[in-house]
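These notes concern the structure reproduced below.
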Amino acid sequence: MSGATSAMGLRGRNYARQYWPFLVPAGVIVFAVIVFPWIFTLYMSVMEWHVGSAITFNGLANYKRLLTDERFLWSVVRTLYFTALAVIFPMLLGIAAAVCFHRKFPLRGLARTIFILPMMATPVAVALVWTMMFHPQLGVLNYLLSVVGLPMSSWVYAPNTVIPTLVMVETWQWTPLVMLIVLGGLASLPIDPYEAARIDGASGWEAFRHITLPLVWPHIMVALVIRTIDALKSLDIIFVISGGGPGTSSETMNYLLYLEAFSFYDMGYASAIVVVFFVIILLISLLLFSSRRQAY
Amino acid sequence: MRPHQIRRLFGNIGFGLSVFALVSPAILVFLWMLSLSFKNELDNTAFPPVFIPTHPTFANFIDVFEKNDFVTLSWEDFDLFGRTWFSYPSIGGYLYNSIVVSFSATGLALLVGVPAGFGVAKSKAHKVAALIMIARVTPGLSYLVPLFLLFQWLGMIGSLLPLVITHLVLTVPIVVWVMIGFFEGLPNELEEAALVDGATIWQAFRFIALPLARPGIVVALILAFIFSWNNFIFGVVLAGRETRTLPVAVYNVLTFEQVSWGPLAAAALLVTLPVLLLTLLMQKEIVAGLTAGGVKGG
């Protein structure tokens, strides 16, 4: 910081501006593949735009159609249901895992590496293995259930179990990211308050509840926001394992967006979904960020 | 033993069990993948399932490379003087596609992203950083709708170029993000000394900041490569029969061709193996990058 200020003093206030050439190449690419698509999507969302037929302006008709499209409204409900579960479980397990991995124990490095493998592995590849595990007759999961005396489940083959099952895979895959972010927070904790607490005779749980939790809260909130956004956007797992089915029972917004755009080629309507989807994501992240200050 | 020692012993056992409970789902799924890919068809369709292959076999892997439709490198179509060698792609073809796409997207992202990270860090252009954060928030599909139409209009569908371009959506933000964090953490003194001695900003970047940033570049490279290698949905939409990347190719086996579990698991294992090995070898860099990326996300 002091370095930056002294350099500024040295060269005057325009010093910082001399760095703009470094931003140009990346700026051009970001504009082409990120900013241009945003603008173009807004434009398309007010058009009647089927691939292969004439493009006409239709105002807010696409948005009005969204409000009355039951398939879309149900996809929103499903997305929120999926997201709620796919945030709660990874958050709880991830925080617990971070507390575990914060403690020193033999083979900790190896255990942590294995723990983060699900997050790094190619989603399609692991989704295929899960699909085989969910097989109702030959799947290993139903066998394991029968071994411990539980009734077999229909996993992704029944409308009422498909979303919880997908949440299970999502939890398996993304708990590590929550763990890593919270672990980063735990690693930066000061030692002094713990010593003071120990002298005062606080128990381990009390120290965790009243010192650790408030101090890592910002990290937990960051993990919560990231996890929420990722859960809302989740697609690969749903795409490969259930394909939105059975019927439409696991059709989330993102999946419906895929169908509208690339199965039905209704680009105008798909673009309207993108815009609404984006607004929902933005609102939820803003909501979470503003609640961040109040909690502790 | 004294009571407090007993309590500590039980505490340690409980702790060990909870660590075991945490890592076992990951271990189980990958072991099951391994088991499926080394078992013959008889073992794979047995119920109760066979966990350890009774007759371990490489047949599934050989299948992936030779017999199965999905991977046949059919020599009849291997027309040396024709326009393409991969008219009916093999796993070699898909592997080639994946390598070309991931390496190009990662290379290009480093080329533009490292200087950009430097520029943002030094000029404190936080609005640019915010823009990149919004890019992370937006679903990948939303870029795909306009870009798909654009590529169609330009007649580019069916070549690898659209895939490389769309993968930049993934790789450029992660590279810039990691590099901003890294350059912000570097001390300014050396560069300033160089600037005082009359070096240009470019020279200060090229000869001072860049060598110091090598560990950060490694982190950015690994993450960008993994994100690109793992990407599925861009390929599903943009790849033609001949330009599928590995994840898309494996998915197509599942849906469009009746296939047995062994070769499918073997194919899945082969697709994800580079990433798993990279994670095992570079776990420190990956963890550093992801935590920085995640935490800085706030």
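Every chain in the structure tokens has a letter given in the order shown (A, B, ...), and although residue numbers restart at 1 in each chain, ligands are simply numbered from 1 in the order shown.
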| Contact residues around region 270-275 of chain A with only C-alpha atoms at 8 Å, ignoring same-chain residues under 2 positions, as an MDAnalysis selection string | (chainID A and resid 41:42 44:46 62:63 66 253 257:258 260:261 266:268 277:279) or (chainID B and resid 142 145)
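Residues in contact with Pro37 (chain A) at 12 Å, where only C-alpha atoms are counted and same-chain residues fewer than 6 positions away are skipped, are listed as Ile29, Val30, Phe31, Tyr43, Met44, Ser45, Ser271, Val274 and Val275 of chain A; Ala135, Thr138, Pro139, Gly140, Leu141, Ser142, Tyr143, Leu144, Val145, Pro146, Leu147, Phe148, Leu149, Leu150, Thr166 and Val169 of chain B.
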Written selection (C-alpha atoms) as a CSV table (one decimal), in the first residue's frame:
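Result file follows (out-v6.csv):
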```csv
chain,number,residue,atom,x,y,z
A,29,ILE,CA,-12.1,-10.8,-25.4
A,30,VAL,CA,-14.3,-10.1,-22.4
A,31,PHE,CA,-16.3,-7.7,-24.5
A,43,TYR,CA,-32.2,-7.5,-27.6
A,44,MET,CA,-33.3,-11.1,-28.5
A,45,SER,CA,-35.6,-11.3,-25.5
A,271,SER,CA,-33.4,-15.1,-24.0
A,274,VAL,CA,-31.9,-15.9,-19.4
A,275,VAL,CA,-32.8,-12.4,-18.4
B,135,ALA,CA,-19.3,-13.1,-15.4
B,138,THR,CA,-24.0,-15.7,-15.0
B,139,PRO,CA,-25.0,-19.2,-16.1
B,140,GLY,CA,-22.8,-20.5,-18.9
B,141,LEU,CA,-25.8,-21.3,-21.1
B,142,SER,CA,-26.7,-17.6,-21.2
B,143,TYR,CA,-23.6,-16.8,-23.2
B,144,LEU,CA,-24.2,-19.8,-25.4
B,145,VAL,CA,-27.6,-18.6,-26.9
B,146,PRO,CA,-26.2,-15.5,-28.5
B,147,LEU,CA,-22.8,-17.0,-29.4
B,148,PHE,CA,-24.5,-20.0,-31.0
B,149,LEU,CA,-26.5,-17.7,-33.2
B,150,LEU,CA,-23.4,-15.7,-34.0
B,166,THR,CA,-16.7,-20.1,-25.8
B,169,VAL,CA,-15.8,-17.5,-21.1
```
Tell me, counting only C-alpha atoms, for each residue of region 182-282 of chain B within 8 Å of region 228-249 of chain A, which pair of atoms is nearest and how far apart they are in Å to one decimal, in rows ordered by chain and increasing number, as JSON lines.
```
{"residue": "B:Phe232", "atom": "CA", "partner": "A:Asp236", "partner_atom": "CA", "distance": 7.0}
{"residue": "B:Ile233", "atom": "CA", "partner": "A:Asp236", "partner_atom": "CA", "distance": 7.0}
{"residue": "B:Tyr251", "atom": "CA", "partner": "A:Val240", "partner_atom": "CA", "distance": 7.2}
```
Can I get the selected residues back with N, CA and C atoms, as a CSV table (one decimal), in the first residue's frame?
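And here is the file that came out, part-v2.csv:
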```csv
chain,number,residue,atom,x,y,z
B,232,PHE,N,-18.8,-29.3,-20.3
B,232,PHE,CA,-19.6,-30.2,-21.0
B,232,PHE,C,-20.6,-29.5,-21.9
B,233,ILE,N,-21.3,-28.5,-21.3
B,233,ILE,CA,-22.5,-28.0,-22.0
B,233,ILE,C,-22.2,-27.2,-23.2
B,251,TYR,N,-20.7,-38.8,-23.0
B,251,TYR,CA,-22.2,-38.7,-22.7
B,251,TYR,C,-23.0,-39.3,-23.9
```
| query | Can you list, as a ChimeraX atom specification, every protein, DNA or RNA residue that comes within 9 Å of Gly109 (chain A) when you count only C-alpha atoms, leaving out same-chain residues fewer than 4 positions away? | reply | /A:101,113-114 /B:283-284
| In Å, how far is it from CA of Ala224 (chain B) to CA of Val178 (chain B)? |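 Value for the CA of Ala224 (chain B)-CA of Val178 (chain B) distance: 10.0 Å.
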| query | Just asking: which residues within region 39-262 of chain B are alpha helix (DSSP H) according to DSSP, as an NGL selection string? | reply | :B and (41-44 or 59-65 or 91-123 or 126-137 or 140-153 or 161-185 or 189-196 or 201-204 or 210-212 or 214-230 or 233-238 or 246-256 or 261-262)
| request: Quick one: pull the distance between CA of Leu117 (chain A) and CA of Met91 (chain A), Å, one decimal. | output: 17.6 Å
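When only C-alpha atoms are used to compute distances to Pro173 (chain B), the closest of the residues A:Ile34, A:Leu213, A:Ala86, A:Trp20 turns out to be A:Ile34.
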| request: May I ask for the distance between CA of Leu276 (chain B) and CA of Met120 (chain A), given in Å to one decimal place? | output: 7.0 Å
| request: Identify, on the basis of only C-alpha atoms, every residue whose closest approach to His135 (chain A) does not exceed 9 Å; exclude the query and any residue fewer than 4 positions from it along the same chain; express the result as number ranges by chain. | output: A: 130-131, 139-142, 154-157
